[in-house]
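See below for work26.txt, which holds compact mmCIF, C-alpha atoms.
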# COMPACT_ATOMS: atom_id res chain seq x y z
CA MET A 1029 10.06 16.93 -5.73
CA ARG A 1030 7.98 15.73 -2.88
CA CYS A 1031 4.51 17.26 -2.80
CA LEU A 1032 3.54 15.85 0.55
CA SER A 1033 6.17 17.18 2.89
CA LEU A 1034 7.23 15.65 6.18
CA GLU A 1035 6.40 18.93 7.86
CA SER A 1036 2.84 18.55 6.67
CA ALA A 1037 2.81 14.96 7.85
CA SER A 1038 3.96 16.00 11.33
CA GLU A 1039 1.17 18.52 11.54
CA MET A 1040 -1.27 15.90 10.32
CA SER A 1041 -0.39 13.59 13.18
CA LEU A 1042 -1.68 16.29 15.50
CA VAL A 1043 -4.89 16.47 13.51
CA GLY A 1044 -5.33 12.74 13.96
CA GLN A 1045 -5.04 12.68 17.72
CA SER A 1046 -8.64 13.68 18.22
CA SER A 1047 -10.02 11.02 15.93
CA GLU A 1048 -10.31 7.26 16.13
CA ILE A 1049 -7.40 6.77 13.80
CA ASP A 1050 -5.68 3.40 13.87
CA VAL A 1051 -2.67 4.29 16.01
CA LYS A 1052 -0.88 1.02 15.36
CA ALA A 1053 -1.01 1.40 11.62
CA MET A 1054 -0.12 5.06 11.73
CA THR A 1055 2.85 4.39 14.01
CA GLY A 1056 4.23 1.99 11.44
CA LEU A 1057 3.74 4.49 8.65
CA SER A 1058 5.42 7.24 10.64
CA ARG A 1059 8.44 4.99 11.22
CA MET A 1060 8.68 4.21 7.53
CA MET A 1061 8.37 7.86 6.61
CA ALA A 1062 11.16 8.78 9.00
CA LEU A 1063 13.39 6.07 7.52
CA LEU A 1064 12.75 7.16 3.95
CA ASP A 1065 13.37 10.79 4.81
CA THR A 1066 16.94 9.92 5.67
CA VAL A 1067 17.58 9.70 1.93
CA ASP A 1068 18.45 13.27 1.09
CA GLU A 1069 16.75 14.36 -2.13
CA SER A 1070 19.90 16.14 -3.25
CA PHE A 1071 21.64 12.77 -3.49
CA ILE A 1072 18.86 10.93 -5.28
CA GLN A 1073 20.82 10.86 -8.55
CA CYS A 1074 23.81 9.32 -6.80
CA TRP A 1075 21.47 6.97 -4.97
CA ASN A 1076 20.04 5.86 -8.30
CA ASN A 1077 23.41 5.55 -10.01
CA GLN A 1078 22.50 8.35 -12.40
CA CYS A 1079 25.15 10.86 -11.43
CA GLY A 1080 28.01 9.46 -13.50
CA ARG A 1081 29.88 8.78 -10.25
CA THR A 1082 31.77 12.02 -10.61
CA THR A 1083 30.04 14.07 -8.07
CA HIS A 1084 29.46 15.71 -4.89
CA PHE A 1085 28.66 12.64 -2.82
CA ASP A 1086 31.55 12.15 -0.41
CA LYS A 1087 32.39 10.42 2.86
CA THR A 1088 30.92 13.21 4.94
CA ASP A 1089 27.58 12.90 3.14
CA ALA A 1090 27.63 9.13 3.45
CA LEU A 1091 28.31 9.21 7.17
CA LEU A 1092 25.61 11.82 7.70
CA ILE A 1093 22.99 9.62 6.01
CA HIS A 1094 24.31 6.62 7.92
CA ARG A 1095 23.95 8.40 11.24
CA ARG A 1096 20.40 9.41 10.35
CA LEU A 1097 19.53 5.85 9.42
CA HIS A 1098 21.02 4.50 12.62
CA SER A 1099 19.15 6.97 14.78
CA THR A 1100 15.89 6.14 13.01
CA SER A 1101 16.41 2.41 12.74
CA PHE A 1102 17.19 -0.09 15.47
CA SER A 1103 19.37 -3.08 16.08
CA THR A 1104 18.46 -6.71 15.54
CA THR A 1105 18.41 -7.31 19.28
CA ASP A 1106 15.67 -4.80 19.99
CA GLN A 1107 12.43 -6.09 21.39
CA LEU A 1108 9.34 -6.04 19.26
CA PHE A 1109 7.59 -2.73 19.20
CA PRO A 1110 4.65 -2.93 21.56
CA GLY A 1111 1.42 -3.06 19.67
CA MET A 1112 3.01 -3.42 16.26
CA THR A 1113 2.24 -6.47 14.17
CA GLU A 1114 4.95 -8.84 12.96
CA SER A 1115 4.13 -7.85 9.43
CA GLN A 1116 4.65 -4.17 10.21
CA GLU A 1117 7.83 -4.76 12.13
CA ILE A 1118 9.51 -6.81 9.46
CA ASP A 1119 8.47 -4.22 6.89
CA ILE A 1120 10.23 -1.51 8.86
CA ARG A 1121 13.29 -3.55 9.80
CA VAL A 1122 13.88 -4.81 6.28
CA LEU A 1123 13.42 -1.33 4.87
CA GLY A 1124 15.97 0.02 7.33
CA HIS A 1125 18.56 -2.57 6.37
CA TRP A 1126 17.78 -2.27 2.70
CA LEU A 1127 18.46 1.46 2.89
CA MET A 1128 21.74 0.76 4.72
CA ASN A 1129 22.66 -1.70 2.00
CA ARG A 1130 21.86 0.80 -0.74
CA LEU A 1131 23.93 3.44 1.04
CA TRP A 1132 26.88 1.06 1.29
CA ASN A 1133 26.53 0.24 -2.41
CA MET A 1134 26.51 3.94 -3.18
CA CYS A 1135 29.78 4.28 -1.24
CA LEU A 1136 31.18 1.35 -3.22
CA SER A 1137 30.21 2.86 -6.58
CA HIS A 1138 31.68 6.22 -5.59
CA GLY A 1139 35.01 4.74 -4.52
CA LEU A 1140 34.63 5.59 -0.86
CA LEU A 1141 35.36 2.13 0.58
CA SER A 1142 38.62 0.75 1.86
CA ALA A 1143 39.86 -2.45 3.49
CA SER A 1144 40.01 -0.81 6.88
CA ASN A 1145 38.38 2.29 8.22
CA GLU A 1146 37.25 3.29 11.65
CA GLU A 1147 33.79 3.88 10.20
CA PRO A 1148 32.18 0.48 9.50
CA LEU A 1149 30.12 1.91 6.63
CA LEU A 1150 33.29 2.72 4.71
CA CYS A 1151 34.72 -0.79 4.94
CA TYR A 1152 34.32 -3.52 2.31
CA GLN A 1153 33.15 -6.06 4.87
CA TYR A 1154 30.21 -3.92 5.99
CA GLY A 1155 28.09 -5.38 3.19
CA LEU A 1156 28.59 -8.81 4.74
CA THR A 1157 27.67 -7.48 8.18
CA LEU A 1158 24.41 -6.11 6.81
CA ALA A 1159 23.61 -9.42 5.13
CA GLN A 1160 24.20 -11.30 8.37
CA GLU A 1161 21.99 -8.89 10.28
CA ILE A 1162 19.10 -9.17 7.85
CA LEU A 1163 19.39 -12.94 8.01
CA GLN A 1164 19.08 -12.78 11.80
CA ILE A 1165 16.05 -10.55 11.47
CA CYS A 1166 14.32 -12.87 9.03
CA LYS A 1167 14.96 -15.86 11.30
CA ARG A 1168 13.06 -14.13 14.07
CA PHE A 1169 9.87 -13.85 12.07
CA SER A 1170 7.50 -16.38 10.58
CA ASN A 1171 7.59 -17.12 6.88
CA TYR A 1172 3.98 -15.99 6.72
CA SER A 1173 4.87 -12.50 7.91
CA ILE A 1174 7.69 -12.30 5.42
CA ASP A 1175 5.64 -13.72 2.55
CA VAL A 1176 2.92 -11.09 2.74
CA HIS A 1177 5.37 -8.48 1.56
CA GLY A 1178 5.64 -10.29 -1.72
CA ILE A 1179 8.60 -11.18 -3.80
CA GLY A 1180 9.87 -7.61 -3.57
CA ILE A 1181 11.17 -8.21 -0.08
CA VAL A 1182 13.85 -10.57 -1.36
CA SER A 1183 14.84 -8.44 -4.32
CA MET B 1187 -22.11 7.48 3.34
CA LEU B 1188 -25.14 5.29 3.68
CA GLU B 1189 -27.36 5.83 0.70
CA ASN B 1190 -30.09 3.47 1.75
CA GLU B 1191 -30.72 0.71 4.17
CA PRO B 1192 -29.15 -2.69 3.49
CA GLU B 1193 -31.40 -5.12 1.76
CA THR B 1194 -32.00 -8.42 3.39
CA GLY B 1195 -32.37 -11.91 2.09
CA GLY B 1196 -30.06 -13.79 -0.17
CA HIS B 1197 -28.53 -17.22 -0.10
CA GLY B 1198 -25.12 -18.76 0.24
CA LEU B 1199 -24.94 -18.95 3.99
CA GLY B 1200 -21.84 -21.10 3.99
CA THR B 1201 -19.05 -19.36 5.77
CA VAL B 1202 -16.10 -19.77 3.49
CA ILE B 1203 -14.19 -16.72 4.54
CA SER B 1204 -10.69 -18.03 4.79
CA HIS B 1205 -9.30 -15.28 7.00
CA GLN B 1206 -12.19 -14.37 9.19
CA THR B 1207 -10.31 -13.95 12.44
CA ASN B 1208 -9.65 -10.28 11.90
CA LEU B 1209 -13.14 -9.33 10.87
CA GLU B 1210 -14.89 -6.94 13.13
CA ASP B 1211 -17.42 -8.88 15.17
CA SER B 1212 -20.29 -6.81 13.93
CA MET B 1213 -19.56 -7.68 10.35
CA VAL B 1214 -18.93 -11.40 10.62
CA GLY B 1215 -22.56 -12.37 10.45
CA ILE B 1216 -23.29 -10.13 7.50
CA CYS B 1217 -20.25 -11.04 5.49
CA SER B 1218 -20.50 -14.76 6.05
CA GLY B 1219 -23.83 -14.63 4.29
CA LEU B 1220 -22.32 -13.14 1.16
CA TYR B 1221 -20.20 -16.12 0.29
CA GLY B 1222 -21.59 -19.18 -1.34
CA PRO B 1223 -20.04 -22.61 -0.97
CA GLY B 1224 -18.00 -23.70 -3.91
CA MET B 1225 -17.25 -20.14 -4.86
CA SER B 1226 -14.90 -20.00 -7.81
CA HIS B 1227 -12.38 -17.29 -8.64
CA SER B 1228 -11.91 -18.53 -12.17
CA LEU B 1229 -12.69 -16.04 -14.88
CA SER B 1230 -13.83 -18.90 -17.07
CA ASN B 1231 -16.76 -19.31 -14.73
CA LEU B 1232 -17.73 -15.67 -14.63
CA PRO B 1233 -21.47 -15.25 -14.70
CA ARG B 1234 -22.70 -12.81 -17.29
CA THR B 1235 -25.76 -11.82 -15.34
CA ASN B 1236 -26.22 -10.91 -11.75
CA SER B 1237 -28.20 -14.02 -10.90
CA SER B 1238 -25.61 -15.70 -8.72
CA PRO B 1239 -26.75 -17.58 -5.61
CA ALA B 1240 -25.53 -14.84 -3.33
CA ALA B 1241 -26.98 -12.02 -5.36
CA GLY B 1242 -29.99 -11.54 -3.16
CA LEU B 1243 -28.22 -8.82 -1.27
CA PHE B 1244 -27.19 -7.09 -4.45
CA LEU B 1245 -30.20 -6.63 -6.69
CA THR B 1246 -29.39 -4.64 -9.79
CA SER B 1247 -31.10 -1.60 -11.18
CA ARG B 1248 -30.65 0.67 -14.18
CA SER B 1249 -28.34 2.95 -12.22
CA GLU B 1250 -25.87 0.07 -11.94
CA GLU B 1251 -25.14 -0.29 -15.63
CA PHE B 1252 -21.54 0.87 -15.36
CA TRP B 1253 -20.58 -2.02 -13.08
CA PRO B 1254 -19.00 -4.95 -14.97
CA GLU B 1255 -21.41 -7.83 -14.56
CA CYS B 1256 -18.61 -10.36 -14.83
CA PHE B 1257 -17.52 -9.42 -11.32
CA THR B 1258 -20.11 -10.49 -8.83
CA GLU B 1259 -19.95 -9.68 -5.17
CA GLU B 1260 -19.22 -13.24 -4.16
CA MET B 1261 -16.12 -13.04 -6.33
CA ILE B 1262 -14.76 -9.70 -5.23
CA LEU B 1263 -15.40 -9.90 -1.50
CA PRO B 1264 -12.72 -12.57 -0.94
CA TRP B 1265 -10.27 -10.38 -2.84
CA ILE B 1266 -11.19 -7.49 -0.58
CA ASP B 1267 -10.61 -9.81 2.38
CA ILE B 1268 -7.09 -10.42 1.08
CA PHE B 1269 -6.44 -6.71 1.23
CA PHE B 1270 -7.54 -6.41 4.83
CA ASP B 1271 -5.92 -9.62 6.00
CA ARG B 1272 -2.55 -9.16 4.39
CA LEU B 1273 -2.02 -5.61 3.22
CA TYR B 1274 -3.91 -3.52 5.72
CA PRO B 1275 -1.23 -3.63 8.47
CA THR B 1276 1.17 -1.78 6.21
CA LEU B 1277 -1.40 0.04 4.07
CA PRO B 1278 -4.19 1.13 6.40
CA LEU B 1279 -6.10 2.93 3.69
CA LEU B 1280 -9.67 1.93 4.38
CA ASP B 1281 -11.85 1.03 7.32
CA ARG B 1282 -13.02 -2.55 6.94
CA THR B 1283 -16.38 -2.08 8.64
CA VAL B 1284 -17.20 1.03 6.64
CA LEU B 1285 -16.21 -0.62 3.39
CA TYR B 1286 -18.36 -3.69 3.99
CA ARG B 1287 -21.24 -1.50 5.05
CA ASP B 1288 -20.97 0.43 1.79
CA MET B 1289 -20.70 -2.80 -0.16
CA ILE B 1290 -23.86 -4.13 1.44
CA CYS B 1291 -25.54 -0.91 0.39
CA ARG B 1292 -24.34 -1.58 -3.17
CA ARG B 1293 -22.46 1.67 -3.31
CA HIS B 1294 -20.02 0.11 -5.76
CA ARG B 1295 -22.91 -0.28 -8.19
CA LYS B 1296 -24.27 3.23 -7.72
CA ASP B 1297 -21.19 5.38 -7.35
CA ARG B 1298 -18.92 5.16 -10.37
CA GLN B 1299 -15.75 6.34 -8.60
CA TYR B 1300 -16.41 4.05 -5.66
CA GLY B 1301 -16.90 1.14 -8.07
CA ALA B 1302 -13.59 1.98 -9.75
CA MET B 1303 -11.91 2.02 -6.34
CA ILE B 1304 -13.29 -1.40 -5.42
CA LEU B 1305 -12.17 -2.94 -8.72
CA SER B 1306 -8.70 -1.43 -8.47
CA LEU B 1307 -8.42 -2.56 -4.84
CA CYS B 1308 -9.20 -6.11 -5.96
CA ALA B 1309 -6.60 -5.90 -8.74
CA PHE B 1310 -4.04 -4.65 -6.24
CA SER B 1311 -4.88 -7.39 -3.76
CA LEU B 1312 -4.43 -10.10 -6.35
CA ILE B 1313 -0.99 -8.87 -7.30
CA GLN B 1314 0.65 -7.87 -4.05
CA PRO B 1315 0.51 -10.60 -1.42
CA VAL B 1316 2.30 -13.75 -2.40
CA HIS B 1317 2.65 -16.63 -0.01
CA THR B 1318 5.10 -19.36 -0.91
CA GLN B 1319 2.37 -21.90 -1.56
CA GLU B 1320 0.59 -19.45 -3.88
CA ARG B 1321 3.44 -18.81 -6.29
CA GLN B 1322 2.08 -21.36 -8.76
CA SER B 1323 -1.14 -19.42 -9.15
CA MET B 1324 0.60 -16.13 -9.83
CA PRO B 1325 0.08 -16.14 -13.62
CA SER B 1326 -3.63 -16.69 -13.11
CA SER B 1327 -3.80 -13.96 -10.49
CA ASP B 1328 -1.95 -11.61 -12.81
CA ASN B 1329 -4.52 -12.20 -15.55
CA HIS B 1330 -7.40 -11.59 -13.16
CA ALA B 1331 -5.72 -8.42 -11.97
CA LYS B 1332 -5.29 -7.13 -15.52
CA VAL B 1333 -8.98 -7.61 -16.29
CA LEU B 1334 -9.91 -5.88 -13.03
CA LEU B 1335 -7.50 -3.09 -13.80
CA ASP B 1336 -9.00 -2.53 -17.24
CA GLU B 1337 -12.50 -2.37 -15.79
CA ALA B 1338 -11.39 -0.03 -13.03
CA LEU B 1339 -9.76 2.23 -15.59
CA ARG B 1340 -12.96 2.30 -17.64
CA LEU B 1341 -14.87 3.64 -14.64
CA HIS B 1342 -12.07 5.89 -13.40
CA SER B 1343 -11.00 7.72 -16.52
CA THR B 1344 -13.00 10.64 -17.76
CA ALA B 1345 -12.01 13.65 -19.82
CA ASP B 1346 -12.34 15.87 -16.77
CA LEU B 1347 -10.62 13.55 -14.31
CA GLY B 1348 -9.47 15.64 -11.37
CA GLU B 1349 -11.85 18.53 -11.96
CA ASN B 1350 -14.10 17.57 -9.04
CA PRO B 1351 -12.24 14.71 -7.40
CA VAL B 1352 -13.32 12.69 -4.42
CA LEU B 1353 -11.20 10.59 -2.10
CA GLU B 1354 -12.10 7.47 -4.06
CA THR B 1355 -10.40 9.03 -7.08
CA VAL B 1356 -7.14 9.20 -5.15
CA LEU B 1357 -7.51 5.67 -3.85
CA THR B 1358 -8.27 4.28 -7.30
CA SER B 1359 -5.12 5.86 -8.71
CA PHE B 1360 -3.12 4.53 -5.78
CA PHE B 1361 -4.41 0.97 -6.10
CA MET B 1362 -3.73 1.10 -9.84
CA PHE B 1363 -0.19 2.22 -9.05
CA GLY B 1364 0.24 -0.74 -6.70
CA CYS B 1365 -1.11 -3.19 -9.21
CA LEU B 1366 0.99 -1.85 -12.10
CA PHE B 1367 4.06 -1.85 -9.90
CA GLY B 1368 3.45 -5.48 -9.05
CA LEU B 1369 3.06 -6.23 -12.73
CA GLN B 1370 6.53 -4.73 -13.28
CA LYS B 1371 5.10 -1.83 -15.31
CA HIS B 1372 7.09 0.75 -13.43
CA ASN B 1373 6.66 3.77 -15.68
CA ALA B 1374 2.88 3.31 -15.81
CA ALA B 1375 2.88 2.75 -12.06
CA TRP B 1376 4.84 5.93 -11.44
CA LEU B 1377 2.35 7.87 -13.59
CA LYS B 1378 -0.55 6.57 -11.49
CA LEU B 1379 1.23 7.43 -8.26
CA ARG B 1380 1.78 10.98 -9.50
CA GLU B 1381 -1.89 11.10 -10.41
CA ALA B 1382 -2.88 9.97 -6.91
CA ILE B 1383 -0.60 12.55 -5.29
CA ASP B 1384 -1.75 15.37 -7.55
CA VAL B 1385 -5.41 14.60 -6.95
CA ALA B 1386 -4.70 14.40 -3.22
CA ALA B 1387 -3.16 17.86 -3.45
CA ILE B 1388 -6.27 19.14 -5.24
CA LEU B 1389 -8.27 17.79 -2.30
CA CYS B 1390 -5.86 19.67 0.03
CA LEU B 1391 -4.97 16.53 1.98
CA GLN B 1392 -1.65 18.14 2.86
CA LEU B 1393 -3.28 21.11 4.61
CA PRO B 1394 -4.18 20.66 8.30
CA GLU B 1395 -6.80 23.39 8.07
CA ALA B 1396 -8.68 21.37 5.44
CA TYR B 1397 -9.56 18.83 8.16
CA THR B 1398 -11.17 21.29 10.55
CA PHE B 1399 -14.82 20.82 9.72
CA LEU B 1400 -14.78 17.17 8.77
CA SER B 1401 -16.48 14.42 10.70
CA ASP B 1402 -14.23 12.06 12.67
CA LEU B 1403 -14.83 9.34 10.11
CA GLU B 1404 -14.00 11.52 7.13
CA ARG B 1405 -10.98 13.05 8.86
CA THR B 1406 -9.63 9.63 9.75
CA GLN B 1407 -10.16 8.36 6.22
CA ARG B 1408 -8.35 11.29 4.68
CA LEU B 1409 -5.47 11.00 7.12
CA ARG B 1410 -5.02 7.36 6.27
CA VAL B 1411 -4.70 8.24 2.60
CA PHE B 1412 -2.41 11.16 3.26
CA PHE B 1413 0.03 9.12 5.36
CA VAL B 1414 0.20 6.23 2.92
CA LEU B 1415 0.79 8.59 -0.01
CA SER B 1416 3.48 10.43 1.93
CA VAL B 1417 5.36 7.21 2.60
CA THR B 1418 4.91 5.88 -0.92
CA GLU B 1419 6.07 9.12 -2.47
CA ARG B 1420 9.34 8.65 -0.61
CA TYR B 1421 9.54 4.91 -1.13
CA VAL B 1422 9.19 4.55 -4.87
CA PRO B 1423 12.05 6.76 -6.07
CA VAL B 1424 14.54 4.77 -4.00
CA LEU B 1425 12.93 1.43 -4.63
CA LYS B 1426 13.28 0.98 -8.37
CA PRO B 1427 15.91 3.50 -9.36
CA SER B 1428 16.85 2.13 -12.73
CA GLU B 1429 13.35 2.12 -14.11
CA LEU B 1430 12.07 5.38 -12.71
CA GLU B 1431 12.71 8.91 -13.76
CA CYS B 1432 13.17 10.63 -10.41

Now that the file is in, can you turn its structure into structure tokens?
Amino acid sequence: MRCLSLESASEMSLVGQSSEIDVKAMTGLSRMMALLDTVDESFIQCWNNQCGRTTHFDKTDALLIHRRLHSTSFSTTDQLFPGMTESQEIDIRVLGHWLMNRLWNMCLSHGLLSASNEEPLLCYQYGLTLAQEILQICKRFSNYSIDVHGIGIVS
Amino acid sequence: MLENEPETGGHGLGTVISHQTNLEDSMVGICSGLYGPGMSHSLSNLPRTNSSPAAGLFLTSRSEEFWPECFTEEMILPWIDIFFDRLYPTLPLLDRTVLYRDMICRRHRKDRQYGAMILSLCAFSLIQPVHTQERQSMPSSDNHAKVLLDEALRLHSTADLGENPVLETVLTSFFMFGCLFGLQKHNAAWLKLREAIDVAAILCLQLPEAYTFLSDLERTQRLRVFFVLSVTERYVPVLKPSELEC
């Protein structure tokens, strides 16, 4: 259970407006928090492959999370966020795509995918699409910016 | 935060800061004086006394006995630089100017919890950022980090940990989490993250009203910690699912 709720975090951002807080850094953190909050806690067992794949997670749930991720994330063609460092931006972009990838894998493990579906998330080839997108993203940034995130970024 | 005025003097005026471009202008002159040429990061060369060339700014006293003498300032400051140069953009936990000011004032040698925070920050810095050309030195960095972690834990852990916590207590637990996570000790890391979050809750970091009467500096510092913990609390359960009990 999360102790530090998003509601509290939203209120905290108001607290910070009167101080000399580092807006750039906080903007990046807020983006990451919004992305991570798309993962519904009620599906964390499914997300972590601990549910026995017999459960409640269905196409409706998957598409809901996907929509949330899409509305919080952004496409590979977007311009750089003004004022955000390369390091921050790649952190956020990779996290967004990593979450998409995990969601697609969760659909795969729960038998929700098919060869053709009007929803890209529910198609087998969507995993390849995500891989191509993340490759495009990485090509846009310097190796230095990618390296600072450590080996974890490629795992 | 200032406990006394910075001492002057010292040697080692060579400017060997490798990533100085981001240093606040006001601190460049001070910090460049802390580094001696030929500085070594090797533990095999650790001095056992505080008589290093750059020690003039950091004279010891009896109140500093808890600080591990094997870690001199000229060793740890470059590791702190790594944190600010590489990790700060995504983990804006500390203000660089304030931290260096406190270091100059030897707070790490007077304040046990602050000392633990500095050591754990160094351990975290050594583990987390890995550039391609640095991969070969990873085993050595890991060993350094483990020694730093042990020393930080010695200063951090008391029987009544959490009874009267300060923000440095939270930060120490968080940096330990980061270091342990990087060392692939995920259960231990998760425990430290829970510790950081619980201590933060004791400090009421999640309550807006708790910020009302704080100075701008203190409010900003607490907000930084709160935001980073909030993100990390969400990040870790989805990051390493197989190892973590969520």

Skip Arg1408 (chain B) itself and residues of its chain fewer than 6 positions away, then list as a JSON list (two decimals) with C-alpha atoms, keeping the file's coordinate frame all residues within 9 Å of it, counting all atoms listed in the file.
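Saved the output as out-v7.json:
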[["chain", "number", "residue", "atom", "x", "y", "z"],
["B", 1279, "LEU", "CA", -6.10, 2.93, 3.69],
["B", 1353, "LEU", "CA", -11.20, 10.59, -2.10],
["B", 1391, "LEU", "CA", -4.97, 16.53, 1.98],
["B", 1397, "TYR", "CA", -9.56, 18.83, 8.16]]

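In this model, the gap between CA of Met1054 (chain A) and CA of Pro1278 (chain B) comes to 7.8 Å.
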
To one decimal place, how far is CA of Leu1263 (chain B) from CA of Phe1361 (chain B) in Å?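 Distance between the two atoms: 16.1 Å.
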
Smallest atom-to-atom distance to Pro1148 (chain A): which of A:Ile1162, A:Ile1120, A:Ala1090, A:Ile1174, using all atoms listed in the file?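 Closest to Pro1148 (chain A), using all atoms listed in the file: A:Ala1090.
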
With the cut-off set at 8 Å and counting all atoms listed in the file, tabulate each residue of chain B with an atom at most that distance from an atom of chain A, showing the nearest atom pair and its distance in Å to one decimal, ordered by chain and increasing number, as a Markdown table.
| residue | atom | partner | partner_atom | distance |
| --- | --- | --- | --- | --- |
| B:Arg1272 | CA | A:Val1176 | CA | 6.0 |
| B:Leu1273 | CA | A:Val1176 | CA | 7.4 |
| B:Pro1275 | CA | A:Ala1053 | CA | 5.9 |
| B:Thr1276 | CA | A:Gln1116 | CA | 5.8 |
| B:Leu1277 | CA | A:Ala1053 | CA | 7.7 |
| B:Pro1278 | CA | A:Ala1053 | CA | 6.1 |
| B:Gln1314 | CA | A:Gly1178 | CA | 6.0 |
| B:Pro1315 | CA | A:Val1176 | CA | 4.8 |
| B:Val1316 | CA | A:Gly1178 | CA | 4.9 |
| B:His1317 | CA | A:Asp1175 | CA | 4.9 |
| B:Thr1318 | CA | A:Asp1175 | CA | 6.6 |
| B:Ile1383 | CA | A:Cys1031 | CA | 7.4 |
| B:Ala1387 | CA | A:Cys1031 | CA | 7.7 |
| B:Gln1392 | CA | A:Ser1036 | CA | 5.9 |
| B:Leu1393 | CA | A:Ser1036 | CA | 6.9 |
| B:Pro1394 | CA | A:Met1040 | CA | 5.9 |
| B:Tyr1397 | CA | A:Val1043 | CA | 7.5 |
| B:Asp1402 | CA | A:Ser1047 | CA | 5.4 |
| B:Leu1403 | CA | A:Ser1047 | CA | 7.7 |
| B:Arg1405 | CA | A:Ser1047 | CA | 7.4 |
| B:Thr1406 | CA | A:Ile1049 | CA | 5.4 |
| B:Leu1409 | CA | A:Gly1044 | CA | 7.1 |
| B:Arg1410 | CA | A:Met1054 | CA | 7.7 |
| B:Phe1412 | CA | A:Ala1037 | CA | 7.9 |
| B:Phe1413 | CA | A:Leu1057 | CA | 6.8 |
| B:Val1414 | CA | A:Leu1057 | CA | 7.0 |
| B:Leu1415 | CA | A:Leu1032 | CA | 7.8 |
| B:Ser1416 | CA | A:Leu1032 | CA | 5.6 |
| B:Val1417 | CA | A:Met1061 | CA | 5.1 |
| B:Glu1419 | CA | A:Arg1030 | CA | 6.9 |
| B:Arg1420 | CA | A:Leu1064 | CA | 5.9 |
| B:Tyr1421 | CA | A:Leu1064 | CA | 6.4 |
| B:Val1424 | CA | A:Asn1076 | CA | 7.1 |
| B:Pro1427 | CA | A:Asn1076 | CA | 4.9 |
| B:Ser1428 | CA | A:Asn1076 | CA | 6.6 |
| B:Cys1432 | CA | A:Ile1072 | CA | 7.7 |

Residues within 9 Å of Phe1270 (chain B), all atoms listed in the file, excluding chain neighbours under 4 positions, as a list in words: Asn1208, Leu1209, Ile1266, Tyr1274, Pro1275, Leu1277, Pro1278, Leu1280, Asp1281 and Arg1282 of chain B

Could you take the residues named above and write them with C-alpha atoms, as a PDB file, keeping the file's coordinate frame?
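For reference, result22.pdb as written:
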ATOM      1  CA  ASN B1208      -9.650 -10.280  11.900  1.00  0.00           C
ATOM      2  CA  LEU B1209     -13.140  -9.330  10.870  1.00  0.00           C
ATOM      3  CA  ILE B1266     -11.190  -7.490  -0.580  1.00  0.00           C
ATOM      4  CA  TYR B1274      -3.910  -3.520   5.720  1.00  0.00           C
ATOM      5  CA  PRO B1275      -1.230  -3.630   8.470  1.00  0.00           C
ATOM      6  CA  LEU B1277      -1.400   0.040   4.070  1.00  0.00           C
ATOM      7  CA  PRO B1278      -4.190   1.130   6.400  1.00  0.00           C
ATOM      8  CA  LEU B1280      -9.670   1.930   4.380  1.00  0.00           C
ATOM      9  CA  ASP B1281     -11.850   1.030   7.320  1.00  0.00           C
ATOM     10  CA  ARG B1282     -13.020  -2.550   6.940  1.00  0.00           C
TER      11      ARG B1282
END

May I ask for the distance between CA of Ala1143 (chain A) and CA of His1125 (chain A), given in Å to one decimal place?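 Answer for the CA of Ala1143 (chain A) to CA of His1125 (chain A) separation: 21.5 Å.
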
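Summary of the local environment: counting all atoms listed in the file, residues at most 12 Å from Cys1151 (chain A), other than itself and those fewer than 2 positions away along its chain, are Lys1087, Trp1132, Asn1133, Cys1135, Leu1136, Gly1139, Leu1140, Leu1141, Ser1142, Ala1143, Ser1144, Asn1145, Glu1146, Glu1147, Pro1148, Leu1149, Gln1153, Tyr1154, Gly1155, Leu1156, Thr1157 and Leu1158 of chain A.
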
Given the point (-17.3, 3.0, -10.9) in the coordinates of this file, which residues lie within 12 Å, counting all atoms listed in the file, and how would they look as a PyMOL selection string? chain B and resi 1249-1254+1292-1306+1334-1344+1354-1355+1358

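For Gly1364 (chain B), the set of protein, DNA and RNA residues having any atom at most 9 Å away, when counting only C-alpha atoms and skipping those fewer than 2 positions along the same chain, is Ala1309, Phe1310, Ser1311, Ile1313, Gln1314, Ser1359, Phe1360, Phe1361, Met1362, Leu1366, Phe1367, Gly1368, Leu1369, Ala1375, Lys1378 and Leu1379 of chain B.
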
Region 1080-1099 of chain A, all listed atoms, 8 Å padding on each side: what axis-aligned box centre and edge lengths in Å to one decimal come out, as JSON?
{"center_x": 25.8, "center_y": 10.1, "center_z": 0.6, "size_x": 29.2, "size_y": 27.2, "size_z": 44.3}
